[in-house]
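Participant: One file: run-v3.txt (compact mmCIF, C-alpha atoms and all ligand atoms).
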```
# COMPACT_ATOMS: atom_id res chain seq x y z
CA MET L 37 -8.64 5.74 22.21
CA THR L 38 -11.12 2.95 21.59
CA ASP L 39 -13.50 2.56 18.69
CA THR L 40 -16.72 0.67 18.18
CA LEU L 41 -17.23 -1.52 15.13
CA GLU L 42 -19.62 1.12 13.87
CA GLN L 43 -16.92 3.81 14.07
CA ILE L 44 -14.36 1.58 12.37
CA VAL L 45 -16.74 1.02 9.47
CA GLU L 46 -17.74 4.68 9.32
CA LEU L 47 -14.09 5.81 9.22
CA GLY L 48 -13.56 3.50 6.24
CA LEU L 49 -11.13 1.27 8.16
CA CYS L 50 -13.03 -2.01 7.86
CA HIS L 51 -11.55 -4.32 5.26
CA GLY L 52 -14.18 -7.00 5.74
CA CYS L 53 -12.01 -9.86 7.05
CA GLY L 54 -14.81 -11.11 9.33
CA ALA L 55 -12.75 -11.44 12.52
CA CYS L 56 -15.45 -9.54 14.46
CA ALA L 57 -18.12 -11.94 13.23
CA SER L 58 -16.09 -14.88 14.50
CA ALA L 59 -15.32 -13.28 17.87
CA LEU L 60 -18.77 -11.79 18.51
CA PRO L 61 -21.65 -14.19 17.83
CA GLU L 62 -24.13 -11.30 17.40
CA VAL L 63 -22.22 -9.96 14.38
CA ARG L 64 -22.73 -11.15 10.80
CA MET L 65 -20.93 -10.10 7.65
CA GLU L 66 -23.29 -8.66 5.04
CA LEU L 67 -22.83 -7.19 1.62
CA GLN L 68 -23.40 -3.44 1.70
CA LYS L 69 -23.46 -0.82 -1.03
CA PRO L 70 -21.44 -0.51 -3.30
CA GLY L 71 -20.62 -4.15 -2.69
CA PHE L 72 -18.30 -4.63 0.28
CA LEU L 73 -18.72 -7.07 3.17
CA ARG L 74 -19.25 -5.26 6.48
CA PRO L 75 -20.24 -6.30 10.02
CA GLU L 76 -23.91 -5.97 10.88
CA THR L 77 -25.50 -6.37 14.29
CA LYS L 78 -28.70 -5.44 16.01
CA ASP L 79 -27.22 -5.99 19.46
CA SER L 80 -25.48 -2.97 20.91
CA LYS L 81 -23.35 -5.15 23.22
CA ALA L 82 -21.59 -6.46 20.14
CA ILE L 83 -20.28 -3.05 19.25
CA GLN L 84 -19.11 -2.12 22.71
CA GLU L 85 -16.05 0.06 22.80
CA GLY L 86 -12.80 -1.77 22.94
CA ALA L 87 -14.02 -5.16 21.74
CA ALA L 88 -12.84 -4.51 18.21
CA GLN L 89 -9.32 -3.60 19.32
CA ALA L 90 -8.75 -7.20 20.30
CA PHE L 91 -8.96 -8.53 16.76
CA CYS L 92 -9.47 -5.81 14.14
CA SER L 93 -6.44 -5.28 11.90
CA GLY L 94 -8.30 -2.51 10.08
CA ILE L 95 -7.88 -0.14 13.04
CA ALA L 96 -4.46 -1.28 14.29
CA LEU L 97 -1.42 -3.20 13.10
CA GLU L 98 1.81 -3.91 14.92
CA HIS L 99 4.33 -6.72 15.01
CA ASP L 100 4.56 -8.56 18.35
CA ARG L 101 7.87 -10.08 17.44
CA VAL L 102 9.69 -10.62 14.19
CA GLU L 103 11.65 -13.82 13.66
CA ALA L 104 13.60 -12.55 10.68
CA ASP L 105 15.45 -9.61 9.15
CA TYR L 106 12.94 -6.79 8.74
CA HIS L 107 13.09 -4.95 5.43
CA PRO L 108 11.31 -1.55 5.62
CA LEU L 109 9.45 -2.13 2.35
CA TRP L 110 9.03 -5.89 2.29
CA GLY L 111 8.73 -6.84 5.97
CA PRO L 112 10.23 -9.87 7.70
CA ILE L 113 12.25 -12.06 5.33
CA ARG L 114 13.89 -15.36 6.25
CA ARG L 115 14.07 -16.59 2.71
CA LEU L 116 13.24 -15.04 -0.65
CA ALA L 117 12.75 -16.93 -3.90
CA THR L 118 10.84 -17.18 -7.12
CA GLY L 119 9.29 -20.50 -7.98
CA HIS L 120 6.40 -22.58 -9.14
CA ALA L 121 4.50 -25.77 -8.46
CA THR L 122 6.25 -28.68 -10.15
CA ASP L 123 2.91 -30.31 -10.95
CA PRO L 124 1.95 -28.73 -14.31
CA GLU L 125 -1.79 -28.73 -13.53
CA THR L 126 -1.28 -26.88 -10.22
CA ARG L 127 1.04 -24.37 -11.89
CA TYR L 128 -1.48 -23.80 -14.69
CA ARG L 129 -4.51 -23.48 -12.43
CA GLY L 130 -2.75 -21.15 -9.96
CA SER L 131 -2.86 -17.39 -10.22
CA SER L 132 0.87 -17.05 -10.68
CA GLY L 133 3.05 -20.15 -10.15
CA GLY L 134 0.49 -22.16 -8.16
CA VAL L 135 2.76 -22.10 -5.10
CA LEU L 136 -0.02 -21.45 -2.57
CA SER L 137 -2.06 -24.35 -3.94
CA ALA L 138 1.00 -26.63 -4.07
CA LEU L 139 1.80 -25.83 -0.42
CA GLN L 140 -1.78 -26.61 0.61
CA ILE L 141 -1.79 -29.92 -1.27
CA PHE L 142 1.59 -30.77 0.26
CA LEU L 143 0.35 -30.00 3.79
CA VAL L 144 -2.76 -32.19 3.58
CA GLU L 145 -1.11 -35.05 1.68
CA ARG L 146 1.74 -35.18 4.16
CA GLY L 147 -0.67 -35.07 7.11
CA GLU L 148 0.81 -31.85 8.55
CA VAL L 149 -2.76 -30.52 8.74
CA ASP L 150 -6.17 -32.15 8.55
CA PHE L 151 -7.54 -29.57 6.12
CA VAL L 152 -7.03 -26.11 4.72
CA LEU L 153 -9.39 -23.15 5.08
CA SER L 154 -9.46 -21.23 1.82
CA THR L 155 -11.65 -19.06 -0.36
CA SER L 156 -13.11 -19.74 -3.78
CA SER L 157 -16.14 -18.64 -5.77
CA ASP L 158 -19.45 -19.23 -4.04
CA PRO L 159 -21.33 -22.20 -5.57
CA HIS L 160 -24.60 -20.29 -4.97
CA ASP L 161 -23.32 -16.96 -6.28
CA PRO L 162 -20.69 -17.31 -9.03
CA ILE L 163 -19.36 -13.77 -8.59
CA GLY L 164 -19.33 -14.00 -4.79
CA THR L 165 -16.81 -15.75 -2.57
CA ALA L 166 -17.13 -18.59 -0.07
CA THR L 167 -14.58 -19.77 2.46
CA THR L 168 -14.63 -23.50 3.08
CA THR L 169 -12.51 -26.36 4.33
CA ARG L 170 -10.75 -28.60 1.82
CA ALA L 171 -8.75 -31.76 2.33
CA GLU L 172 -8.50 -33.14 -1.21
CA ARG L 173 -6.19 -32.07 -4.00
CA LYS L 174 -9.09 -31.55 -6.43
CA ASP L 175 -10.91 -29.27 -3.98
CA ILE L 176 -7.76 -27.27 -3.26
CA LEU L 177 -7.26 -26.82 -6.99
CA GLY L 178 -10.90 -25.76 -7.22
CA ALA L 179 -10.00 -22.72 -5.10
CA ALA L 180 -6.80 -21.86 -7.02
CA GLY L 181 -6.65 -18.45 -8.66
CA SER L 182 -7.33 -14.98 -7.31
CA ARG L 183 -10.84 -13.74 -6.62
CA TYR L 184 -10.72 -9.96 -6.88
CA ALA L 185 -13.85 -9.65 -4.82
CA PRO L 186 -14.84 -9.12 -1.18
CA SER L 187 -14.23 -12.11 1.08
CA SER L 188 -14.54 -12.64 4.84
CA PRO L 189 -12.43 -15.75 5.45
CA LEU L 190 -12.44 -15.31 9.23
CA ALA L 191 -16.19 -14.93 9.70
CA ASP L 192 -16.72 -18.61 10.51
CA LEU L 193 -13.40 -19.26 12.22
CA GLU L 194 -14.92 -20.16 15.56
CA ARG L 195 -16.78 -23.11 14.02
CA HIS L 196 -13.57 -24.44 12.45
CA LEU L 197 -11.56 -24.02 15.65
CA ALA L 198 -14.26 -25.83 17.61
CA ARG L 199 -13.54 -29.00 15.60
CA GLY L 200 -10.19 -29.19 17.39
CA LYS L 201 -8.34 -30.24 14.21
CA ARG L 202 -5.18 -28.76 12.70
CA PHE L 203 -5.53 -26.67 9.60
CA ALA L 204 -3.75 -24.17 7.37
CA PHE L 205 -5.30 -20.75 6.70
CA ILE L 206 -4.97 -18.91 3.39
CA GLY L 207 -6.10 -15.32 3.02
CA LYS L 208 -5.34 -11.72 2.25
CA PRO L 209 -2.68 -9.91 4.30
CA CYS L 210 -5.39 -8.23 6.39
CA ASP L 211 -7.08 -11.58 7.10
CA VAL L 212 -3.81 -13.03 8.37
CA ALA L 213 -3.04 -9.87 10.38
CA SER L 214 -6.42 -10.14 12.13
CA LEU L 215 -5.79 -13.83 12.76
CA ARG L 216 -2.49 -12.94 14.49
CA ARG L 217 -4.29 -10.39 16.65
CA MET L 218 -6.94 -12.96 17.57
CA ALA L 219 -4.20 -15.44 18.46
CA ARG L 220 -3.05 -13.15 21.29
CA HIS L 221 -6.30 -13.87 23.12
CA ASP L 222 -7.08 -17.35 21.82
CA PRO L 223 -4.32 -19.96 22.27
CA ARG L 224 -6.21 -22.41 20.04
CA ILE L 225 -5.24 -20.36 17.00
CA ASP L 226 -1.48 -21.02 17.09
CA ARG L 227 -2.01 -24.60 18.26
CA LEU L 228 -4.56 -25.52 15.57
CA ILE L 229 -3.42 -23.26 12.71
CA PRO L 230 0.32 -23.93 12.38
CA TYR L 231 0.50 -22.33 8.92
CA LYS L 232 -0.92 -18.94 8.01
CA LEU L 233 -0.38 -18.21 4.34
CA ALA L 234 -1.06 -15.00 2.42
CA PHE L 235 -0.66 -13.42 -0.98
CA PHE L 236 0.36 -9.87 -1.82
CA CYS L 237 -2.76 -7.75 -2.16
CA ALA L 238 -3.23 -4.45 -3.95
CA GLY L 239 -6.73 -4.12 -2.55
CA VAL L 240 -10.22 -5.56 -2.59
CA PRO L 241 -12.50 -4.33 -5.36
CA SER L 242 -16.24 -4.05 -4.66
CA ARG L 243 -18.79 -6.37 -6.19
CA LYS L 244 -19.72 -3.43 -8.41
CA GLY L 245 -16.26 -3.75 -10.00
CA THR L 246 -16.99 -7.33 -11.01
CA VAL L 247 -20.41 -6.34 -12.36
CA GLU L 248 -18.63 -3.73 -14.49
CA VAL L 249 -16.22 -6.37 -15.83
CA LEU L 250 -19.24 -8.53 -16.68
CA SER L 251 -20.91 -5.61 -18.39
CA SER L 252 -17.77 -5.11 -20.56
CA LEU L 253 -18.11 -8.79 -21.41
CA GLU L 254 -21.74 -8.13 -22.40
CA THR L 255 -23.02 -10.35 -19.62
CA ARG L 256 -25.74 -9.75 -17.05
CA GLU L 257 -25.07 -10.89 -13.48
CA GLU L 258 -28.04 -13.27 -13.56
CA ASP L 259 -26.71 -15.00 -16.69
CA VAL L 260 -23.40 -16.05 -15.11
CA GLU L 261 -22.74 -19.74 -14.65
CA ARG L 262 -19.02 -19.44 -13.79
CA PHE L 263 -16.62 -16.55 -13.51
CA GLN L 264 -12.88 -16.52 -12.92
CA TYR L 265 -10.59 -13.53 -12.61
CA ARG L 266 -7.26 -15.27 -13.16
CA GLY L 267 -5.65 -18.68 -13.40
CA ASP L 268 -5.38 -21.14 -16.30
CA GLY L 269 -2.15 -19.53 -17.41
CA TRP L 270 -0.21 -16.52 -16.15
CA PRO L 271 -1.63 -14.02 -15.69
CA GLY L 272 -4.62 -15.82 -17.24
CA MET L 273 -7.80 -14.24 -18.52
CA ALA L 274 -10.90 -13.01 -16.69
CA ARG L 275 -13.46 -15.40 -18.14
CA VAL L 276 -17.20 -15.75 -17.84
CA VAL L 277 -19.16 -18.84 -18.84
CA ARG L 278 -22.83 -17.97 -19.27
CA LYS L 279 -25.78 -20.17 -18.42
CA ASP L 280 -26.42 -20.74 -22.14
CA GLY L 281 -22.90 -22.23 -22.46
CA SER L 282 -21.35 -19.28 -24.31
CA ASP L 283 -18.27 -17.57 -22.91
CA ALA L 284 -16.28 -14.34 -23.09
CA SER L 285 -12.93 -13.24 -21.71
CA MET L 286 -10.67 -10.25 -21.26
CA THR L 287 -7.00 -9.82 -20.39
CA TYR L 288 -5.70 -9.22 -16.87
CA ASN L 289 -4.50 -5.81 -17.99
CA ASP L 290 -8.05 -4.87 -19.03
CA SER L 291 -9.94 -6.46 -16.11
CA TRP L 292 -7.66 -5.56 -13.19
CA GLY L 293 -5.78 -2.67 -14.76
CA LYS L 294 -8.72 -0.77 -16.26
CA ILE L 295 -11.77 -1.71 -14.20
CA LEU L 296 -11.28 -3.56 -10.90
CA ASN L 297 -8.50 -1.36 -9.52
CA ARG L 298 -10.87 1.63 -9.71
CA HIS L 299 -13.25 -0.01 -7.22
CA LEU L 300 -10.98 -0.55 -4.22
CA GLN L 301 -12.22 0.03 -0.68
CA PHE L 302 -10.72 3.01 1.18
CA ARG L 303 -8.82 0.95 3.78
CA CYS L 304 -6.84 -0.75 1.02
CA LYS L 305 -5.64 2.58 -0.35
CA ILE L 306 -3.88 3.47 2.90
CA CYS L 307 -2.76 -0.09 3.71
CA PRO L 308 0.81 -0.45 5.00
CA ASP L 309 0.73 -4.25 4.68
CA GLY L 310 -0.06 -5.32 1.15
CA THR L 311 2.62 -7.98 1.33
CA GLY L 312 1.42 -10.31 4.08
CA GLU L 313 3.99 -9.30 6.71
CA PHE L 314 2.13 -11.30 9.36
CA SER L 315 2.05 -14.56 7.39
CA ASP L 316 4.39 -17.55 7.54
CA ILE L 317 4.74 -17.46 3.77
CA ALA L 318 3.47 -14.81 1.36
CA CYS L 319 3.28 -15.34 -2.40
CA ALA L 320 2.87 -12.90 -5.25
CA ASP L 321 3.34 -12.50 -8.96
CA ALA L 322 7.03 -12.57 -9.85
CA TRP L 323 6.44 -10.44 -12.95
CA TYR L 324 9.17 -10.23 -15.53
CA GLY L 325 9.96 -6.66 -16.51
CA LYS L 326 9.72 -4.84 -19.82
CA ASP L 327 10.84 -1.21 -20.21
CA GLY L 328 10.91 -0.85 -16.42
CA TYR L 329 7.31 -2.07 -15.92
CA PRO L 330 5.83 -5.51 -15.14
CA ASP L 331 5.07 -7.34 -18.37
CA PHE L 332 1.73 -9.19 -18.52
CA THR L 333 2.49 -11.30 -21.61
CA GLU L 334 1.02 -14.82 -21.14
CA ARG L 335 3.61 -17.44 -20.11
CA ASP L 336 4.22 -20.24 -17.59
CA GLY L 337 3.45 -19.01 -14.09
CA ARG L 338 6.09 -17.79 -11.66
CA SER L 339 5.48 -16.81 -8.04
CA LEU L 340 7.43 -14.59 -5.72
CA ILE L 341 7.84 -16.47 -2.42
CA VAL L 342 8.67 -14.81 0.90
CA ALA L 343 9.17 -17.10 3.89
CA ARG L 344 8.69 -14.85 6.90
CA THR L 345 8.83 -17.11 9.95
CA GLU L 346 10.65 -20.22 11.06
CA ALA L 347 7.51 -22.27 10.36
CA GLY L 348 7.27 -20.78 6.88
CA GLU L 349 10.94 -21.39 6.08
CA ARG L 350 10.65 -24.97 7.22
CA LEU L 351 7.50 -25.55 5.17
CA LEU L 352 9.15 -24.14 2.05
CA GLU L 353 12.16 -26.38 2.55
CA LEU L 354 10.05 -29.51 3.11
CA ALA L 355 7.84 -28.82 0.09
CA GLU L 356 10.93 -28.39 -2.07
CA GLN L 357 12.61 -31.53 -0.73
CA ALA L 358 9.42 -33.46 -1.50
CA GLY L 359 9.56 -32.15 -5.07
CA ALA L 360 6.31 -30.15 -4.83
CA LEU L 361 8.01 -26.83 -5.63
CA ALA L 362 10.92 -25.65 -7.76
CA THR L 363 12.55 -22.41 -6.63
CA GLU L 364 15.37 -20.02 -7.45
CA PRO L 365 16.89 -17.51 -5.02
CA LEU L 366 15.98 -13.86 -5.46
CA ALA L 367 17.78 -10.72 -4.23
CA VAL L 368 15.62 -8.36 -2.18
CA GLU L 369 16.48 -5.43 -4.49
CA GLU L 370 14.67 -7.22 -7.31
CA ILE L 371 11.23 -7.21 -5.66
CA GLU L 372 10.47 -3.57 -6.37
CA ALA L 373 10.61 -4.03 -10.16
CA MET L 374 8.09 -6.87 -9.80
CA GLN L 375 5.82 -5.08 -7.32
CA PRO L 376 6.12 -1.30 -7.88
CA TYR L 377 2.58 -0.61 -6.62
CA GLN L 378 3.29 -2.27 -3.27
CA ALA L 379 6.51 -0.28 -2.81
CA ASN L 380 4.78 2.99 -3.62
CA ARG L 381 1.80 2.34 -1.33
CA LYS L 382 3.90 1.41 1.69
CA ARG L 383 6.15 4.46 1.22
CA ASN L 384 3.08 6.69 1.22
CA SER L 385 0.98 4.83 3.76
CA LEU L 386 1.86 7.16 6.64
CA ALA L 387 1.03 10.26 4.57
CA ARG L 388 -2.28 8.75 3.46
CA SER L 389 -3.34 7.57 6.92
CA SER L 390 -2.30 10.92 8.43
CA ALA L 391 -4.83 12.51 6.10
CA LEU L 392 -7.56 10.55 7.87
CA TRP L 393 -6.31 11.70 11.27
CA ALA L 394 -6.14 15.28 10.01
CA LYS L 395 -9.67 15.31 8.62
CA ARG L 396 -11.45 13.14 11.17
CA GLY L 397 -9.29 13.33 14.32
CA ASN L 398 -9.17 9.55 14.31
CA GLY L 399 -7.55 6.88 12.21
CA PRO L 400 -5.53 3.69 12.15
CA ARG L 401 -2.73 2.93 14.61
CA PHE L 402 0.17 1.40 12.66
CA SER L 403 3.43 0.74 14.48
CA GLY L 404 6.60 -1.28 14.00
CA LEU L 405 6.19 -1.22 10.22
CA LYS L 406 8.98 1.32 9.62
CA LEU L 407 6.53 3.84 8.14
CA PRO L 408 8.28 6.96 9.54
CA ALA L 409 11.64 5.72 8.20
CA LEU L 410 10.09 5.15 4.76
CA SER L 411 8.51 8.61 4.80
CA LEU L 412 11.91 10.17 5.55
CA ARG L 413 13.29 8.49 2.42
CA THR L 414 10.40 9.62 0.21
CA SER L 415 10.30 12.97 -1.56
CA PRO L 416 8.28 15.61 0.34
CA VAL L 417 6.45 16.47 -2.89
CA GLU L 418 5.28 12.88 -3.29
CA LEU L 419 4.22 12.68 0.36
CA ALA L 420 2.32 15.98 0.09
CA ARG L 421 0.57 14.78 -3.08
CA ASN L 422 -0.46 11.55 -1.36
CA PHE L 423 -1.61 13.37 1.78
CA TRP L 424 -3.69 15.87 -0.14
CA GLY L 425 -5.09 13.32 -2.62
CA THR L 426 -6.36 11.25 0.30
CA PHE L 427 -7.50 14.22 2.40
CA LYS L 428 -9.79 15.63 -0.23
CA ARG L 429 -11.46 12.25 -0.86
CA ILE L 430 -12.31 11.60 2.81
CA LYS L 431 -15.91 12.34 3.65
CA ARG L 432 -16.76 14.54 6.63
CA PRO L 433 -18.47 12.74 9.53
CA ARG L 434 -22.19 12.10 9.15
CA GLY L 435 -24.67 14.24 11.00
C1 LIG K 1 -7.78 -9.02 -3.99
C2 LIG K 1 -6.43 -9.53 -4.46
C3 LIG K 1 -5.39 -8.63 -4.70
C4 LIG K 1 -4.13 -9.09 -5.13
N1 LIG K 1 -3.11 -8.19 -5.32
C5 LIG K 1 -1.88 -8.64 -5.68
C6 LIG K 1 -0.76 -7.76 -5.83
O1 LIG K 1 -0.86 -6.55 -5.61
N2 LIG K 1 0.43 -8.26 -6.22
C7 LIG K 1 0.57 -9.61 -6.44
O2 LIG K 1 1.66 -10.03 -6.81
N3 LIG K 1 -0.43 -10.45 -6.24
C8 LIG K 1 -1.66 -10.02 -5.89
N4 LIG K 1 -2.68 -10.90 -5.71
C9 LIG K 1 -2.36 -12.33 -5.58
C10 LIG K 1 -1.95 -13.00 -6.83
O3 LIG K 1 -2.95 -12.78 -7.77
C11 LIG K 1 -1.74 -14.49 -6.55
O4 LIG K 1 -2.75 -14.96 -5.74
C12 LIG K 1 -0.44 -14.77 -5.91
O5 LIG K 1 0.53 -14.47 -6.87
C13 LIG K 1 -0.33 -16.23 -5.48
O6 LIG K 1 -0.39 -17.02 -6.61
P1 LIG K 1 -0.36 -18.60 -6.50
O7 LIG K 1 -0.40 -19.12 -7.92
O8 LIG K 1 0.73 -19.05 -5.60
O9 LIG K 1 -1.75 -18.87 -5.77
P2 LIG K 1 -2.86 -19.95 -6.09
O10 LIG K 1 -2.25 -21.30 -6.11
O11 LIG K 1 -3.67 -19.51 -7.25
O12 LIG K 1 -3.73 -19.83 -4.76
C14 LIG K 1 -4.43 -18.65 -4.49
C15 LIG K 1 -5.05 -18.81 -3.12
O13 LIG K 1 -5.63 -17.57 -2.77
C16 LIG K 1 -6.91 -17.77 -2.21
N5 LIG K 1 -7.76 -16.63 -2.58
C17 LIG K 1 -8.04 -16.17 -3.82
N6 LIG K 1 -8.84 -15.08 -3.75
C18 LIG K 1 -9.07 -14.85 -2.45
C19 LIG K 1 -9.82 -13.86 -1.74
N7 LIG K 1 -10.50 -12.89 -2.36
N8 LIG K 1 -9.83 -13.92 -0.38
C20 LIG K 1 -9.15 -14.89 0.29
N9 LIG K 1 -8.41 -15.86 -0.34
C21 LIG K 1 -8.38 -15.84 -1.69
C22 LIG K 1 -7.43 -19.06 -2.83
O14 LIG K 1 -8.27 -19.74 -1.92
C23 LIG K 1 -6.14 -19.86 -3.07
O15 LIG K 1 -5.89 -20.74 -2.01
C24 LIG K 1 -3.94 -10.47 -5.30
C25 LIG K 1 -4.98 -11.38 -5.07
C26 LIG K 1 -6.23 -10.91 -4.65
C27 LIG K 1 -7.33 -11.91 -4.39
```
Would you mind giving the structure from this file in structure tokens?
Facilitator:
Amino acid sequence: MTDTLEQIVELGLCHGCGACASALPEVRMELQKPGFLRPETKDSKAIQEGAAQAFCSGIALEHDRVEADYHPLWGPIRRLATGHATDPETRYRGSSGGVLSALQIFLVERGEVDFVLSTSSDPHDPIGTATTTRAERKDILGAAGSRYAPSSPLADLERHLARGKRFAFIGKPCDVASLRRMARHDPRIDRLIPYKLAFFCAGVPSRKGTVEVLSSLETREEDVERFQYRGDGWPGMARVVRKDGSDASMTYNDSWGKILNRHLQFRCKICPDGTGEFSDIACADAWYGKDGYPDFTERDGRSLIVARTEAGERLLELAEQAGALATEPLAVEEIEAMQPYQANRKRNSLARSSALWAKRGNGPRFSGLKLPALSLRTSPVELARNFWGTFKRIKRPRG
């Protein structure tokens, strides 16, 4: 079965990575209600059947080859650690331990790549995102910290590839998965992007979610000068600086836990890859536990680091040898206490995506991710609850 871009969006399977906009010049990513980035085109050729299959990781995900032990919940693992940037500023500015920023700084300073392609706030829209190239430490640090907002880091990829220079890519798991799919058809991608880095992702909240956070901070969108969701400590506060110089902040538990996580796009709710299985290295919060739950008390940042490929393992080793990172080994059994949401979502991903097939006769094609094996190990009651919860929320087709 093949699907047009229009069908993928209509089924709720678009996650907004922008791969289609890079591959098809007639397509642009545009913000649509309630605040997600989606492909737009006026040219019907751009949405021809089959084109999307070549790059869209919203509709299909499968591993071509895995260079490491494959853990059903946590994907390919060559090396597992916790750690942080040794540079105190990078650690402080980063979302968790600043590892992704430290790796980017290491790569450009050592000349392994000419630049990095990463996402920060948009200078013209402080609650939006912009993906740009960076080759200086200060610019890389300017993009540190999570932006819990829609981003399309692949939308302009063609322009960056056309420069013929080597660069590292940093994005959400779905961005990196689309990049891997694109690489099957475009040999420039593996040649010019030797490092594809990701972070664990619980889902992308709509712009409306951010506006609601601002409203809780008694701030109108038009009064925002700067807004950050995380960083400057771990987990760090969501903080707005208004145009009149005043500021307001709220805890991560209140911003993410009580507002943003209620605004996630549908595709994220059924996602089987919240952990960046297709990346060379994926980083996450290595939360300490309290009473069996992650504890969000402010402290020095610590990242969970999963090297998934040979390139990723080598990069981690080099960055450590150069003194850019400090790490400690971690046992795979310890990840679940740090990332319970990710474990639960992957276990139930097959049940949730089956609900889409059941209601709409169409849905995502996920394979090689051990989803049937995980379902067999999950209680039937839990699977049924997840199936039904998803089924009843799916809209019937238009028309
Ligand atoms: C939408 C979203 C959901 C997340 N969900 C989880 C989760 O479930 N569990 C978890 O442990 N961690 C999650 N994180 C990631 C986490 O907050 C940290 O980014 C991660 O721990 C890495 O920290 P770090 O200090 O190494 O990264 P940093 O050094 O702070 O670097 C972060 C990098 O991420 C890039 N980035 C930030 N926002 C975006 C974006 N919207 N799109 C593309 N690139 C971006 C920046 O350009 C930067 O290079 C999420 C992040 C986002 C943006």
Participant: Which residues sit within 6 Å of ligand LIG 1 (chain K), counting all atoms listed in the file, listed as an MDAnalysis selection string?
Facilitator: chainID L and resid 130:137 154:156 179:187 206:208 235:240 319:321 339
Participant: Excluding same-chain residues fewer than 6 positions from Thr122 of chain L, what lies within 10 Å of it counting only C-alpha atoms, as a PyMOL selection string?
Facilitator: chain L and resi 133-135+138+356+359-363
Participant: I'd like the neighbourhood of segment 289-294 of chain L as a ChimeraX atom specification, where a residue qualifies if any of its atoms comes within 8 Å (using only C-alpha atoms), though same-chain residues fewer than 2 positions away should be ignored.
Facilitator: /L:249,265,274,286-287,296-298,332
Participant: Under the rule that all atoms listed in the file are counted, which of L:Leu41, L:Leu67, L:Val260, L:Leu386 is the nearest residue to Lys244 of chain L?
Facilitator: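 Selected residue with least distance to Lys244 of chain L: L:Leu67.
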Participant: Near Ser251 of chain L, within 12 Å and counting all atoms listed in the file, which residues show up once chain neighbours fewer than 2 positions away are dropped, as a list in words?
Facilitator: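 The contact residues come out as Lys244, Gly245, Thr246, Val247, Glu248, Val249, Leu253, Glu254, Thr255, Arg256, Glu257, Glu258, Asp259, Val260, Val276, Ala284, Ser285, Met286, Ser291 and Ile295 of chain L.
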Participant: Would you mind listing what lies within 12 Å of Glu103 of chain L as JSON, numbers by chain, with all atoms listed in the file counted and same-chain residues fewer than 2 positions away left out?
Facilitator: {"L": [99, 100, 101, 105, 106, 111, 112, 113, 114, 115, 313, 314, 315, 316, 343, 344, 345, 346, 347, 348, 349]}
Participant: Return the single residue from L:Pro159, L:Gly312, L:Gly178, L:Gly200 that is closest to Lys232 of chain L, with distances computed using all atoms listed in the file.
Facilitator: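 Nearest to Lys232 of chain L: L:Gly312.
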Participant: So that I can check the surroundings of segment 143-153 of chain L, please list as a VMD selection string every protein, DNA and RNA residue that reaches within 7 Å of it, counting all atoms listed in the file and ignoring chain neighbours fewer than 5 positions away.
Facilitator: chain L and resid 167 to 171 201 to 206
Participant: Have segment 347-357 of chain L completed to N, CA and C atoms, please, and pass it along as a CSV table (one decimal), keeping the file's coordinate frame.
Facilitator:
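File rebuild_28.csv, as written:
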```csv
chain,number,residue,atom,x,y,z
L,347,ALA,N,8.5,-21.3,10.9
L,347,ALA,CA,7.5,-22.3,10.4
L,347,ALA,C,7.4,-22.2,8.8
L,348,GLY,N,7.4,-21.0,8.3
L,348,GLY,CA,7.3,-20.8,6.9
L,348,GLY,C,8.5,-21.3,6.1
L,349,GLU,N,9.7,-21.0,6.7
L,349,GLU,CA,10.9,-21.4,6.1
L,349,GLU,C,11.0,-22.9,6.0
L,350,ARG,N,10.6,-23.5,7.1
L,350,ARG,CA,10.6,-25.0,7.2
L,350,ARG,C,9.7,-25.6,6.2
L,351,LEU,N,8.5,-25.0,6.1
L,351,LEU,CA,7.5,-25.6,5.2
L,351,LEU,C,8.0,-25.5,3.7
L,352,LEU,N,8.6,-24.3,3.4
L,352,LEU,CA,9.2,-24.1,2.0
L,352,LEU,C,10.2,-25.2,1.8
L,353,GLU,N,11.1,-25.4,2.7
L,353,GLU,CA,12.2,-26.4,2.6
L,353,GLU,C,11.6,-27.8,2.4
L,354,LEU,N,10.6,-28.2,3.2
L,354,LEU,CA,10.0,-29.5,3.1
L,354,LEU,C,9.3,-29.7,1.8
L,355,ALA,N,8.6,-28.7,1.3
L,355,ALA,CA,7.8,-28.8,0.1
L,355,ALA,C,8.8,-29.0,-1.1
L,356,GLU,N,9.9,-28.3,-1.0
L,356,GLU,CA,10.9,-28.4,-2.1
L,356,GLU,C,11.6,-29.8,-2.1
L,357,GLN,N,12.0,-30.2,-0.8
L,357,GLN,CA,12.6,-31.5,-0.7
L,357,GLN,C,11.7,-32.6,-1.3
```
